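Asker: Just one file: model.txt, with compact mmCIF, C-alpha atoms.
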```txt
# COMPACT_ATOMS: atom_id res chain seq x y z
CA MET A 1203 78.34 -58.86 24.27
CA ILE A 1204 79.17 -57.07 27.50
CA ARG A 1205 78.61 -53.70 25.81
CA HIS A 1206 75.20 -54.88 24.72
CA ALA A 1207 74.32 -55.85 28.27
CA LEU A 1208 75.60 -52.50 29.56
CA ALA A 1209 73.40 -50.67 27.04
CA VAL A 1210 70.35 -52.65 28.10
CA PHE A 1211 71.19 -52.01 31.75
CA PHE A 1212 71.51 -48.27 31.13
CA LEU A 1213 68.26 -48.16 29.21
CA LEU A 1214 66.46 -50.07 31.98
CA GLY A 1215 67.61 -47.40 34.42
CA LEU A 1216 66.49 -44.61 32.10
CA GLY A 1217 63.20 -46.43 31.52
CA THR A 1218 62.62 -46.53 35.29
CA VAL A 1219 63.19 -42.77 35.48
CA PHE A 1220 60.76 -42.22 32.57
CA ALA A 1221 58.16 -44.51 34.17
CA GLY A 1222 58.44 -42.52 37.39
CA LEU A 1223 57.93 -39.27 35.48
CA LEU A 1224 55.00 -40.72 33.56
CA LEU A 1225 53.18 -42.17 36.58
CA GLY A 1226 53.72 -39.04 38.65
CA TYR A 1227 52.54 -36.72 35.88
CA SER A 1228 49.30 -34.88 36.45
CA PRO A 1229 48.23 -32.70 33.50
CA ASP A 1230 47.48 -29.06 34.16
CA THR A 1231 43.88 -27.97 34.03
CA GLU A 1232 44.69 -24.26 33.75
CA LEU A 1233 47.25 -22.39 31.65
CA ASN A 1234 50.35 -21.40 33.58
CA LEU A 1235 51.29 -17.76 34.09
CA THR A 1236 53.38 -17.29 30.92
CA ALA A 1237 50.91 -19.05 28.66
CA ARG A 1238 48.04 -17.07 30.15
CA TYR A 1239 49.86 -13.81 29.44
CA TYR A 1240 50.38 -14.84 25.81
CA ALA A 1241 46.73 -15.96 25.46
CA GLU A 1242 45.33 -12.73 26.86
CA ASN A 1243 47.68 -10.14 25.36
CA THR A 1244 48.79 -11.42 21.95
CA ALA A 1245 45.72 -10.21 20.06
CA ASN A 1246 45.79 -6.72 21.53
CA ASP A 1247 49.55 -6.21 21.63
CA LEU A 1248 50.67 -7.77 18.37
CA GLY A 1249 47.50 -8.45 16.36
CA ALA A 1250 48.56 -11.98 15.41
CA ALA A 1251 45.89 -14.69 15.37
CA ASN A 1252 48.38 -17.55 15.69
CA ILE A 1253 49.87 -17.28 19.17
CA VAL A 1254 52.71 -19.70 18.40
CA THR A 1255 53.80 -17.42 15.56
CA ALA A 1256 53.59 -14.38 17.82
CA ILE A 1257 55.86 -16.10 20.36
CA ILE A 1258 58.39 -17.22 17.76
CA VAL A 1259 58.58 -14.06 15.67
CA THR A 1260 58.08 -11.31 18.22
CA TYR A 1261 58.07 -12.30 21.90
CA ARG A 1262 61.08 -14.61 21.44
CA GLY A 1263 62.26 -13.04 18.18
CA LEU A 1264 65.89 -12.89 19.22
CA ASP A 1265 65.90 -16.66 19.83
CA THR A 1266 64.49 -17.22 16.36
CA LEU A 1267 67.27 -15.08 14.91
CA GLY A 1268 69.68 -17.36 16.76
CA GLU A 1269 67.90 -20.42 15.41
CA VAL A 1270 68.15 -19.14 11.85
CA THR A 1271 71.85 -18.47 12.49
CA VAL A 1272 72.33 -22.07 13.66
CA LEU A 1273 70.64 -23.27 10.49
CA PHE A 1274 72.88 -21.02 8.40
CA LEU A 1275 75.95 -22.40 10.18
CA THR A 1276 74.75 -25.95 9.50
CA ALA A 1277 74.31 -25.25 5.80
CA ALA A 1278 77.72 -23.56 5.65
CA ILE A 1279 79.46 -26.45 7.46
CA VAL A 1280 77.78 -29.06 5.24
CA ALA A 1281 78.99 -27.13 2.19
CA LEU A 1282 82.50 -26.83 3.67
CA VAL A 1283 82.79 -30.49 4.65
CA LEU A 1284 81.53 -31.75 1.30
CA ALA A 1285 83.37 -29.15 -0.81
CA GLN A 1286 86.25 -31.44 -1.83
CA SER A 1287 83.97 -34.32 -2.71
CA ARG A 1288 82.16 -32.44 -5.43
CA HIS A 1289 82.08 -33.73 -8.97
CA GLN A 1290 85.14 -32.41 -10.81
CA PRO A 1291 84.49 -31.08 -14.30
CA GLY A 1292 86.30 -33.23 -16.84
CA THR A 1293 86.01 -36.51 -14.95
CA PRO A 1294 83.43 -38.95 -16.30
CA GLN A 1295 79.89 -38.36 -15.08
CA ARG A 1296 78.26 -41.18 -13.16
CA VAL A 1297 75.65 -43.08 -15.14
CA LEU A 1298 72.22 -43.34 -13.60
CA PRO A 1299 69.15 -45.27 -14.67
CA PRO A 1300 66.42 -43.06 -16.18
CA SER A 1301 63.93 -41.80 -13.62
CA GLY A 1302 60.86 -42.70 -15.66
CA GLU A 1303 58.02 -40.89 -17.37
CA LEU A 1304 55.78 -40.89 -14.32
CA LEU A 1305 58.26 -39.06 -12.09
CA HIS A 1306 59.18 -36.60 -14.86
CA THR A 1307 55.63 -35.56 -15.71
CA GLY A 1308 54.58 -35.69 -12.09
CA SER A 1309 57.34 -33.36 -10.99
CA ARG A 1310 56.58 -30.90 -13.82
CA LEU A 1311 53.01 -30.75 -12.58
CA LEU A 1312 53.79 -30.72 -8.86
CA VAL A 1313 56.83 -28.45 -8.47
CA PRO A 1314 54.99 -25.15 -9.18
CA LEU A 1315 52.12 -26.21 -6.94
CA ILE A 1316 54.47 -27.16 -4.11
CA VAL A 1317 56.30 -23.82 -4.36
CA LEU A 1318 52.96 -21.98 -4.36
CA PHE A 1319 51.80 -23.94 -1.32
CA GLY A 1320 55.07 -23.21 0.49
CA VAL A 1321 54.70 -19.49 -0.19
CA TYR A 1322 51.06 -19.64 1.00
CA VAL A 1323 52.15 -21.34 4.23
CA PHE A 1324 54.78 -18.74 5.12
CA VAL A 1325 52.76 -15.70 4.05
CA ASN A 1326 49.82 -16.84 6.21
CA GLY A 1327 52.00 -17.79 9.19
CA HIS A 1328 50.30 -15.28 11.49
CA LEU A 1329 46.78 -16.58 10.73
CA THR A 1330 47.00 -20.33 10.15
CA PRO A 1331 49.09 -23.17 11.54
CA GLY A 1332 52.14 -22.52 9.42
CA GLY A 1333 55.04 -20.13 9.14
CA GLY A 1334 58.48 -19.52 7.80
CA PHE A 1335 60.12 -22.74 8.91
CA GLN A 1336 57.34 -24.99 7.65
CA GLY A 1337 56.90 -23.00 4.43
CA GLY A 1338 60.64 -22.98 3.80
CA ALA A 1339 60.80 -26.75 4.25
CA ILE A 1340 57.92 -27.15 1.76
CA VAL A 1341 59.69 -24.94 -0.80
CA ALA A 1342 62.87 -26.98 -0.34
CA SER A 1343 60.88 -30.20 -0.85
CA SER A 1344 60.12 -29.03 -4.40
CA MET A 1345 63.88 -28.82 -4.88
CA LEU A 1346 64.14 -32.38 -3.58
CA LEU A 1347 61.55 -33.52 -6.12
CA LEU A 1348 63.55 -31.89 -8.93
CA LEU A 1349 66.71 -33.63 -7.71
CA LEU A 1350 64.90 -36.98 -7.53
CA THR A 1351 63.74 -36.55 -11.11
CA ASP A 1352 67.20 -35.69 -12.37
CA PRO A 1353 70.00 -36.29 -9.82
CA LEU A 1354 72.59 -34.81 -12.18
CA ARG A 1355 70.74 -31.51 -12.44
CA ARG A 1356 72.82 -28.55 -11.29
CA PHE A 1357 71.42 -25.54 -9.52
CA GLY A 1358 73.08 -22.15 -9.27
CA HIS A 1359 74.86 -21.91 -5.93
CA ARG A 1360 75.18 -18.17 -6.36
CA MET A 1361 71.41 -17.72 -6.73
CA ILE A 1362 70.71 -19.75 -3.59
CA ALA A 1363 73.41 -17.90 -1.62
CA ARG A 1364 72.05 -14.54 -2.78
CA VAL A 1365 68.46 -15.31 -1.72
CA GLU A 1366 69.72 -16.53 1.62
CA SER A 1367 72.00 -13.63 2.46
CA LEU A 1368 69.56 -10.96 1.24
CA SER A 1369 66.67 -12.34 3.29
CA GLY A 1370 68.93 -12.62 6.33
CA LEU A 1371 70.08 -9.04 5.86
CA PHE A 1372 66.50 -7.73 5.56
CA TYR A 1373 65.49 -9.77 8.62
CA VAL A 1374 68.13 -8.06 10.76
CA ALA A 1375 67.33 -4.67 9.14
CA ILE A 1376 63.66 -5.00 10.13
CA GLY A 1377 64.79 -5.93 13.64
CA VAL A 1378 66.88 -2.75 13.86
CA LEU A 1379 63.95 -0.72 12.47
CA GLY A 1380 61.91 -2.04 15.37
CA LEU A 1381 64.59 -0.64 17.68
CA VAL A 1382 64.27 2.80 16.06
CA LEU A 1383 60.54 3.08 15.34
CA ALA A 1384 58.90 0.86 17.97
CA GLY A 1385 59.58 -0.72 21.34
CA GLY A 1386 62.67 -2.82 20.69
CA PHE A 1387 64.65 -5.19 18.52
CA LEU A 1388 62.34 -7.17 16.18
CA ASP A 1389 59.23 -5.37 17.47
CA ASN A 1390 56.50 -5.96 14.87
CA ARG A 1391 54.66 -2.68 15.50
CA ILE A 1392 56.72 -0.70 12.99
CA LEU A 1393 53.73 -1.20 10.63
CA PRO A 1394 50.06 -0.66 11.54
CA LEU A 1395 48.49 -3.73 13.16
CA GLY A 1396 45.58 -3.70 10.69
CA ASP A 1397 42.33 -5.66 10.97
CA PHE A 1398 42.74 -8.64 13.29
CA GLY A 1399 42.62 -11.86 11.27
CA SER A 1400 43.24 -10.39 7.80
CA LEU A 1401 46.28 -11.06 5.62
CA PHE A 1402 47.73 -7.57 6.03
CA SER A 1403 47.72 -7.48 9.79
CA ALA A 1404 50.01 -8.12 12.74
CA GLY A 1405 52.49 -5.42 11.70
CA ALA A 1406 55.79 -6.76 10.45
CA ILE A 1407 55.13 -10.43 11.36
CA PRO A 1408 54.12 -11.56 7.82
CA ILE A 1409 57.17 -9.81 6.35
CA ILE A 1410 59.57 -11.24 8.91
CA TYR A 1411 58.11 -14.73 8.55
CA SER A 1412 58.26 -14.53 4.73
CA LEU A 1413 61.95 -13.58 4.98
CA VAL A 1414 62.51 -16.48 7.40
CA GLY A 1415 60.70 -18.74 4.94
CA LEU A 1416 62.91 -17.66 2.03
CA LYS A 1417 66.02 -18.02 4.15
CA VAL A 1418 65.10 -21.47 5.49
CA GLY A 1419 64.07 -22.63 2.02
CA ALA A 1420 67.39 -21.45 0.57
CA GLU A 1421 69.36 -23.08 3.40
CA PHE A 1422 67.60 -26.44 3.07
CA SER A 1423 68.01 -26.25 -0.71
CA SER A 1424 71.72 -25.58 -0.40
CA MET A 1425 72.08 -28.59 1.93
CA LEU A 1426 70.19 -30.79 -0.55
CA VAL A 1427 72.20 -29.51 -3.51
CA ASN A 1428 75.49 -30.03 -1.68
CA LEU A 1429 74.56 -33.57 -0.66
CA SER A 1430 73.41 -34.43 -4.18
CA GLU A 1431 76.54 -33.05 -5.85
CA THR A 1432 78.76 -35.19 -3.68
CA GLU A 1433 80.34 -38.03 -5.65
CA LYS A 1434 81.31 -41.46 -4.47
CA PRO A 1435 85.02 -41.35 -3.53
CA GLN A 1436 87.22 -42.75 -6.27
CA MET B 338 45.18 -39.55 25.93
CA ILE B 339 48.03 -37.33 27.11
CA LEU B 340 49.60 -40.30 28.90
CA VAL B 341 49.42 -42.43 25.74
CA SER B 342 51.31 -39.90 23.64
CA MET B 343 53.76 -39.22 26.44
CA ALA B 344 54.41 -42.96 26.91
CA ALA B 345 54.89 -43.30 23.14
CA GLY B 346 57.39 -40.43 23.26
CA PHE B 347 59.37 -42.02 26.12
CA LEU B 348 59.29 -45.36 24.30
CA LEU B 349 60.66 -43.72 21.14
CA ILE B 350 63.49 -42.13 23.16
CA LEU B 351 64.42 -45.52 24.64
CA MET B 352 64.20 -47.24 21.24
CA GLY B 353 66.36 -44.56 19.64
CA LEU B 354 69.00 -44.73 22.39
CA TYR B 355 69.02 -48.54 22.21
CA GLY B 356 69.60 -48.35 18.47
CA ALA B 357 72.34 -45.73 18.86
CA LEU B 358 74.14 -47.73 21.55
CA THR B 359 74.00 -51.20 19.99
CA ASN B 360 74.40 -50.52 16.26
CA ARG B 361 77.88 -50.31 14.80
CA ASN B 362 76.91 -48.79 11.46
CA ILE B 363 77.07 -44.99 11.54
CA LEU B 364 74.05 -44.55 9.25
CA ARG B 365 71.93 -46.74 11.53
CA MET B 366 73.08 -44.68 14.50
CA ILE B 367 71.97 -41.49 12.73
CA VAL B 368 68.52 -42.99 12.09
CA ALA B 369 68.36 -44.04 15.75
CA PHE B 370 69.19 -40.51 16.89
CA THR B 371 66.42 -39.01 14.76
CA ILE B 372 63.97 -41.51 16.29
CA ALA B 373 65.07 -40.45 19.78
CA SER B 374 64.68 -36.76 18.94
CA THR B 375 61.17 -37.43 17.58
CA GLY B 376 60.41 -39.00 20.96
CA VAL B 377 61.65 -35.92 22.81
CA ASN B 378 59.45 -33.69 20.62
CA LEU B 379 56.41 -35.90 21.28
CA VAL B 380 56.94 -35.73 25.06
CA LEU B 381 57.36 -31.92 24.93
CA VAL B 382 54.19 -31.39 22.90
CA SER B 383 52.15 -33.68 25.13
CA VAL B 384 53.28 -31.75 28.24
CA GLY B 385 51.60 -28.63 26.84
CA TYR B 386 48.30 -30.35 26.08
CA LEU B 387 45.26 -29.59 28.21
CA ALA B 388 42.27 -31.90 27.96
CA GLY B 389 39.29 -30.56 26.04
CA ARG B 390 41.02 -27.49 24.61
CA THR B 391 41.99 -26.46 21.11
CA ALA B 392 45.01 -25.14 19.18
CA PRO B 393 46.38 -21.69 20.14
CA ILE B 394 45.01 -19.90 17.09
CA LEU B 395 42.44 -17.17 17.63
CA ASP B 396 39.55 -17.21 15.17
CA ALA B 397 35.76 -17.39 15.15
CA ALA B 398 35.78 -20.57 17.24
CA VAL B 399 38.19 -19.12 19.82
CA PRO B 400 37.24 -15.49 20.56
CA VAL B 401 39.94 -13.28 22.02
CA ALA B 402 37.98 -12.64 25.19
CA ASP B 403 37.99 -16.20 26.54
CA ALA B 404 41.14 -17.41 24.79
CA ALA B 405 42.79 -18.25 28.10
CA GLU B 406 40.04 -20.79 28.85
CA ARG B 407 39.97 -22.35 25.38
CA ILE B 408 43.51 -22.88 24.14
CA ILE B 409 46.35 -25.22 25.06
CA ASP B 410 49.79 -24.03 26.13
CA PRO B 411 51.51 -22.39 23.10
CA VAL B 412 55.01 -22.29 24.63
CA PRO B 413 55.91 -26.02 24.22
CA GLN B 414 54.68 -25.85 20.63
CA ALA B 415 57.02 -22.95 19.85
CA LEU B 416 59.83 -24.89 21.55
CA VAL B 417 59.16 -28.03 19.53
CA LEU B 418 59.06 -26.05 16.28
CA THR B 419 62.57 -24.86 17.12
CA ALA B 420 63.64 -28.35 18.16
CA ILE B 421 62.46 -29.91 14.90
CA VAL B 422 64.38 -27.40 12.78
CA ILE B 423 67.57 -27.77 14.81
CA GLY B 424 67.12 -31.57 14.73
CA LEU B 425 67.06 -31.45 10.95
CA GLY B 426 70.23 -29.36 10.92
CA ILE B 427 71.94 -31.89 13.22
CA THR B 428 70.87 -34.78 10.98
CA ALA B 429 72.28 -33.04 7.90
CA LEU B 430 75.57 -32.41 9.72
CA MET B 431 75.77 -36.02 10.92
CA LEU B 432 75.21 -37.26 7.36
CA ALA B 433 77.92 -34.97 5.96
CA TYR B 434 80.41 -36.15 8.60
CA ALA B 435 79.42 -39.78 8.01
CA PHE B 436 80.28 -39.30 4.35
CA LYS B 437 83.66 -37.81 5.28
CA LEU B 438 84.38 -40.70 7.65
CA TYR B 439 83.48 -43.17 4.91
CA GLU B 440 85.82 -41.34 2.56
CA THR B 441 88.80 -41.65 4.90
CA LYS B 442 88.33 -45.25 6.06
CA ARG B 443 86.10 -46.83 3.38
CA THR B 444 83.84 -48.19 6.07
CA LEU B 445 80.89 -47.04 8.16
CA ASP B 446 81.62 -49.44 11.01
CA ILE B 447 82.23 -47.28 14.10
CA SER B 448 84.48 -49.90 15.73
CA LYS B 449 87.05 -49.43 12.95
CA PHE B 450 87.60 -45.83 14.00
CA THR B 451 90.13 -46.31 16.79
CA GLU B 452 92.34 -43.21 16.51
CA LEU B 453 91.14 -41.70 19.76
CA LYS B 454 91.50 -44.93 21.76
CA GLY B 455 94.22 -44.65 24.42
```
Could I get this structure in the form of structure tokens?
Answerer:
Amino acid sequence: MIRHALAVFFLLGLGTVFAGLLLGYSPDTELNLTARYYAENTANDLGAANIVTAIIVTYRGLDTLGEVTVLFLTAAIVALVLAQSRHQPGTPQRVLPPSGELLHTGSRLLVPLIVLFGVYVFVNGHLTPGGGFQGGAIVASSMLLLLLTDPLRRFGHRMIARVESLSGLFYVAIGVLGLVLAGGFLDNRILPLGDFGSLFSAGAIPIIYSLVGLKVGAEFSSMLVNLSETEKPQ
Amino acid sequence: MILVSMAAGFLLILMGLYGALTNRNILRMIVAFTIASTGVNLVLVSVGYLAGRTAPILDAAVPVADAAERIIDPVPQALVLTAIVIGLGITALMLAYAFKLYETKRTLDISKFTELKG
């Protein structure tokens, strides 16, 4: 009971701080200096129509590499932690109720469309609100649908690991190419900038974001597969 | 409008922390943490919003020349994109550890885990 009261007390204090922040907040009417730089120079410097993509892939590209590394570490740790809890071959398989005709037929129709949509989202990341992380999550959601339809389905770990490590390798290789051919690590101007607003534009951004999409999709898929292969402890 | 979404974000943070502090079930705590992180993302996005402007994507409606007068701040959006992805990674890790804890003690009640108590 006393812990409950302490929690409420703490939250009241935090709520007061938040209320102070909220009441004292006056929204900007102009872009600040950094945002203004990005707004004015992205189109000419990098040729990307989506400024958020330009920030993530090129201006702060090193941070995104770090983010992808964090995601890789997460997938690796989830696999490591759950490794002993995997279903052992030879022990009886758990019995599950059938998933139903609707889910089966629906997933056969939807999975290719979802994968196509995911690929569209990460290939067009420099033009539309989308990109590698969103597209990768969409691709992994098709994997989730397959696992919902048949929870005992097994996917090839080696295939997933290969897609992930190859796309990561090419990502870093393109970054190093930027160091050699253009202004710095992960510079997108190793390829011509092309016509502003077309699919083949913005230099290496579509390639980098497609690799990020493949990598993120493979990482999310490996997390899903690891979680689904975990068996209830005996 | 900005204040509404910001207040909703702060409210979600408080709700999430309340849930994390008062629940004893580890799974409920994980859900509470994801609610709190959604609140943080909402507050961050609303900080970057400028009234009457549009998304930071240059096209026919937002010509390059007067982009600085037409778009909202792109930096918080890039930040939140990162935060969402990392938040998902944290949730997956928490779930994996919760499973391991369940495997060792056969319970998800956090008050049964007393090994680190002095």
Asker: Check the smallest atom-to-atom distance from each of B:Ala435, B:Ala345, B:Ile408, B:Ile423 to Gly389 of chain B using only C-alpha atoms, then report the winner.
Answerer: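 Of B:Ala435, B:Ala345, B:Ile408, B:Ile423, the one nearest Gly389 of chain B is B:Ile408, counting only C-alpha atoms.
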Asker: Which residues of chain A are close to chain B, meaning at most 6 Å apart when you count all atoms listed in the file, and how do they look as JSON, numbers by chain?
Answerer: {"A": [1237, 1238, 1241, 1251, 1252, 1253, 1254, 1276, 1280]}
Asker: Using all atoms listed in the file, which of the listed residues (A:Val1219, A:Ala1375, A:Ala1285, A:Met1203) sits closest to Ile1410 of chain A?
Answerer: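 The closest residue to Ile1410 of chain A is A:Ala1375.
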Asker: Just how far from atom CA of Phe370 of chain B is atom CA of Gly353 of chain B, in Å to one decimal?
Answerer: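 For atom CA of Gly353 of chain B relative to atom CA of Phe370 of chain B, the distance reads 5.7 Å.
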Asker: Identify the residues around (58.8, -44.0, 15.9) within a radius of 8 Å, measuring from only C-alpha atoms in the coordinates stated by the file, and give them as a PyMOL selection string.
Answerer: chain B and resi 349+372+375-376
Asker: Could you write segment 1368-1378 of chain A as an mmCIF file, in the frame of the given file, with all heavy atoms rebuilt where they are missing?
Answerer:
```cif
data_model
loop_
_atom_site.group_PDB
_atom_site.id
_atom_site.type_symbol
_atom_site.label_atom_id
_atom_site.label_comp_id
_atom_site.auth_asym_id
_atom_site.auth_seq_id
_atom_site.Cartn_x
_atom_site.Cartn_y
_atom_site.Cartn_z
ATOM 1 N N LEU A 1368 70.425 -12.141 1.301
ATOM 2 C CA LEU A 1368 69.560 -10.960 1.240
ATOM 3 C C LEU A 1368 68.431 -11.064 2.254
ATOM 4 O O LEU A 1368 68.139 -10.096 2.966
ATOM 5 C CB LEU A 1368 68.995 -10.789 -0.170
ATOM 6 C CG LEU A 1368 69.915 -10.067 -1.149
ATOM 7 C CD1 LEU A 1368 69.219 -9.911 -2.489
ATOM 8 C CD2 LEU A 1368 70.313 -8.709 -0.611
ATOM 9 N N SER A 1369 67.778 -12.242 2.337
ATOM 10 C CA SER A 1369 66.670 -12.340 3.290
ATOM 11 C C SER A 1369 67.178 -12.228 4.718
ATOM 12 O O SER A 1369 66.517 -11.624 5.572
ATOM 13 C CB SER A 1369 65.881 -13.630 3.071
ATOM 14 O OG SER A 1369 66.720 -14.740 3.045
ATOM 15 N N GLY A 1370 68.371 -12.777 4.988
ATOM 16 C CA GLY A 1370 68.930 -12.620 6.330
ATOM 17 C C GLY A 1370 69.206 -11.166 6.652
ATOM 18 O O GLY A 1370 68.911 -10.677 7.742
ATOM 19 N N LEU A 1371 69.756 -10.458 5.662
ATOM 20 C CA LEU A 1371 70.080 -9.040 5.860
ATOM 21 C C LEU A 1371 68.808 -8.234 6.149
ATOM 22 O O LEU A 1371 68.761 -7.430 7.084
ATOM 23 C CB LEU A 1371 70.766 -8.523 4.595
ATOM 24 C CG LEU A 1371 71.495 -7.205 4.715
ATOM 25 C CD1 LEU A 1371 72.713 -7.361 5.593
ATOM 26 C CD2 LEU A 1371 71.898 -6.699 3.342
ATOM 27 N N PHE A 1372 67.749 -8.476 5.347
ATOM 28 C CA PHE A 1372 66.500 -7.730 5.560
ATOM 29 C C PHE A 1372 65.877 -8.081 6.911
ATOM 30 O O PHE A 1372 65.276 -7.224 7.575
ATOM 31 C CB PHE A 1372 65.517 -8.006 4.434
ATOM 32 C CG PHE A 1372 65.829 -7.250 3.181
ATOM 33 C CD1 PHE A 1372 65.953 -7.895 1.971
ATOM 34 C CD2 PHE A 1372 65.998 -5.872 3.208
ATOM 35 C CE1 PHE A 1372 66.251 -7.203 0.817
ATOM 36 C CE2 PHE A 1372 66.295 -5.166 2.056
ATOM 37 C CZ PHE A 1372 66.429 -5.840 0.866
ATOM 38 N N TYR A 1373 66.015 -9.341 7.314
ATOM 39 C CA TYR A 1373 65.490 -9.770 8.620
ATOM 40 C C TYR A 1373 66.120 -8.923 9.726
ATOM 41 O O TYR A 1373 65.417 -8.330 10.559
ATOM 42 C CB TYR A 1373 65.807 -11.259 8.782
ATOM 43 C CG TYR A 1373 65.284 -11.925 10.033
ATOM 44 C CD1 TYR A 1373 64.292 -11.343 10.799
ATOM 45 C CD2 TYR A 1373 65.788 -13.156 10.440
ATOM 46 C CE1 TYR A 1373 63.823 -11.963 11.929
ATOM 47 C CE2 TYR A 1373 65.323 -13.782 11.564
ATOM 48 C CZ TYR A 1373 64.346 -13.186 12.320
ATOM 49 O OH TYR A 1373 63.899 -13.807 13.438
ATOM 50 N N VAL A 1374 67.447 -8.840 9.720
ATOM 51 C CA VAL A 1374 68.130 -8.060 10.760
ATOM 52 C C VAL A 1374 67.785 -6.572 10.610
ATOM 53 O O VAL A 1374 67.581 -5.864 11.607
ATOM 54 C CB VAL A 1374 69.653 -8.284 10.679
ATOM 55 C CG1 VAL A 1374 70.372 -7.423 11.691
ATOM 56 C CG2 VAL A 1374 69.978 -9.741 10.922
ATOM 57 N N ALA A 1375 67.660 -6.087 9.345
ATOM 58 C CA ALA A 1375 67.330 -4.670 9.140
ATOM 59 C C ALA A 1375 65.969 -4.342 9.738
ATOM 60 O O ALA A 1375 65.800 -3.298 10.386
ATOM 61 C CB ALA A 1375 67.361 -4.346 7.656
ATOM 62 N N ILE A 1376 64.988 -5.242 9.549
ATOM 63 C CA ILE A 1376 63.660 -5.000 10.130
ATOM 64 C C ILE A 1376 63.748 -5.011 11.654
ATOM 65 O O ILE A 1376 63.101 -4.204 12.335
ATOM 66 C CB ILE A 1376 62.661 -6.063 9.609
ATOM 67 C CG1 ILE A 1376 62.337 -5.772 8.152
ATOM 68 C CG2 ILE A 1376 61.394 -6.063 10.443
ATOM 69 C CD1 ILE A 1376 61.425 -6.763 7.524
ATOM 70 N N GLY A 1377 64.595 -5.912 12.188
ATOM 71 C CA GLY A 1377 64.790 -5.930 13.640
ATOM 72 C C GLY A 1377 65.320 -4.607 14.148
ATOM 73 O O GLY A 1377 64.820 -4.060 15.137
ATOM 74 N N VAL A 1378 66.301 -4.038 13.442
ATOM 75 C CA VAL A 1378 66.880 -2.750 13.860
ATOM 76 C C VAL A 1378 65.859 -1.633 13.707
ATOM 77 O O VAL A 1378 65.758 -0.744 14.547
ATOM 78 C CB VAL A 1378 68.166 -2.461 13.056
ATOM 79 C CG1 VAL A 1378 68.701 -1.082 13.380
ATOM 80 C CG2 VAL A 1378 69.221 -3.506 13.381
#
```
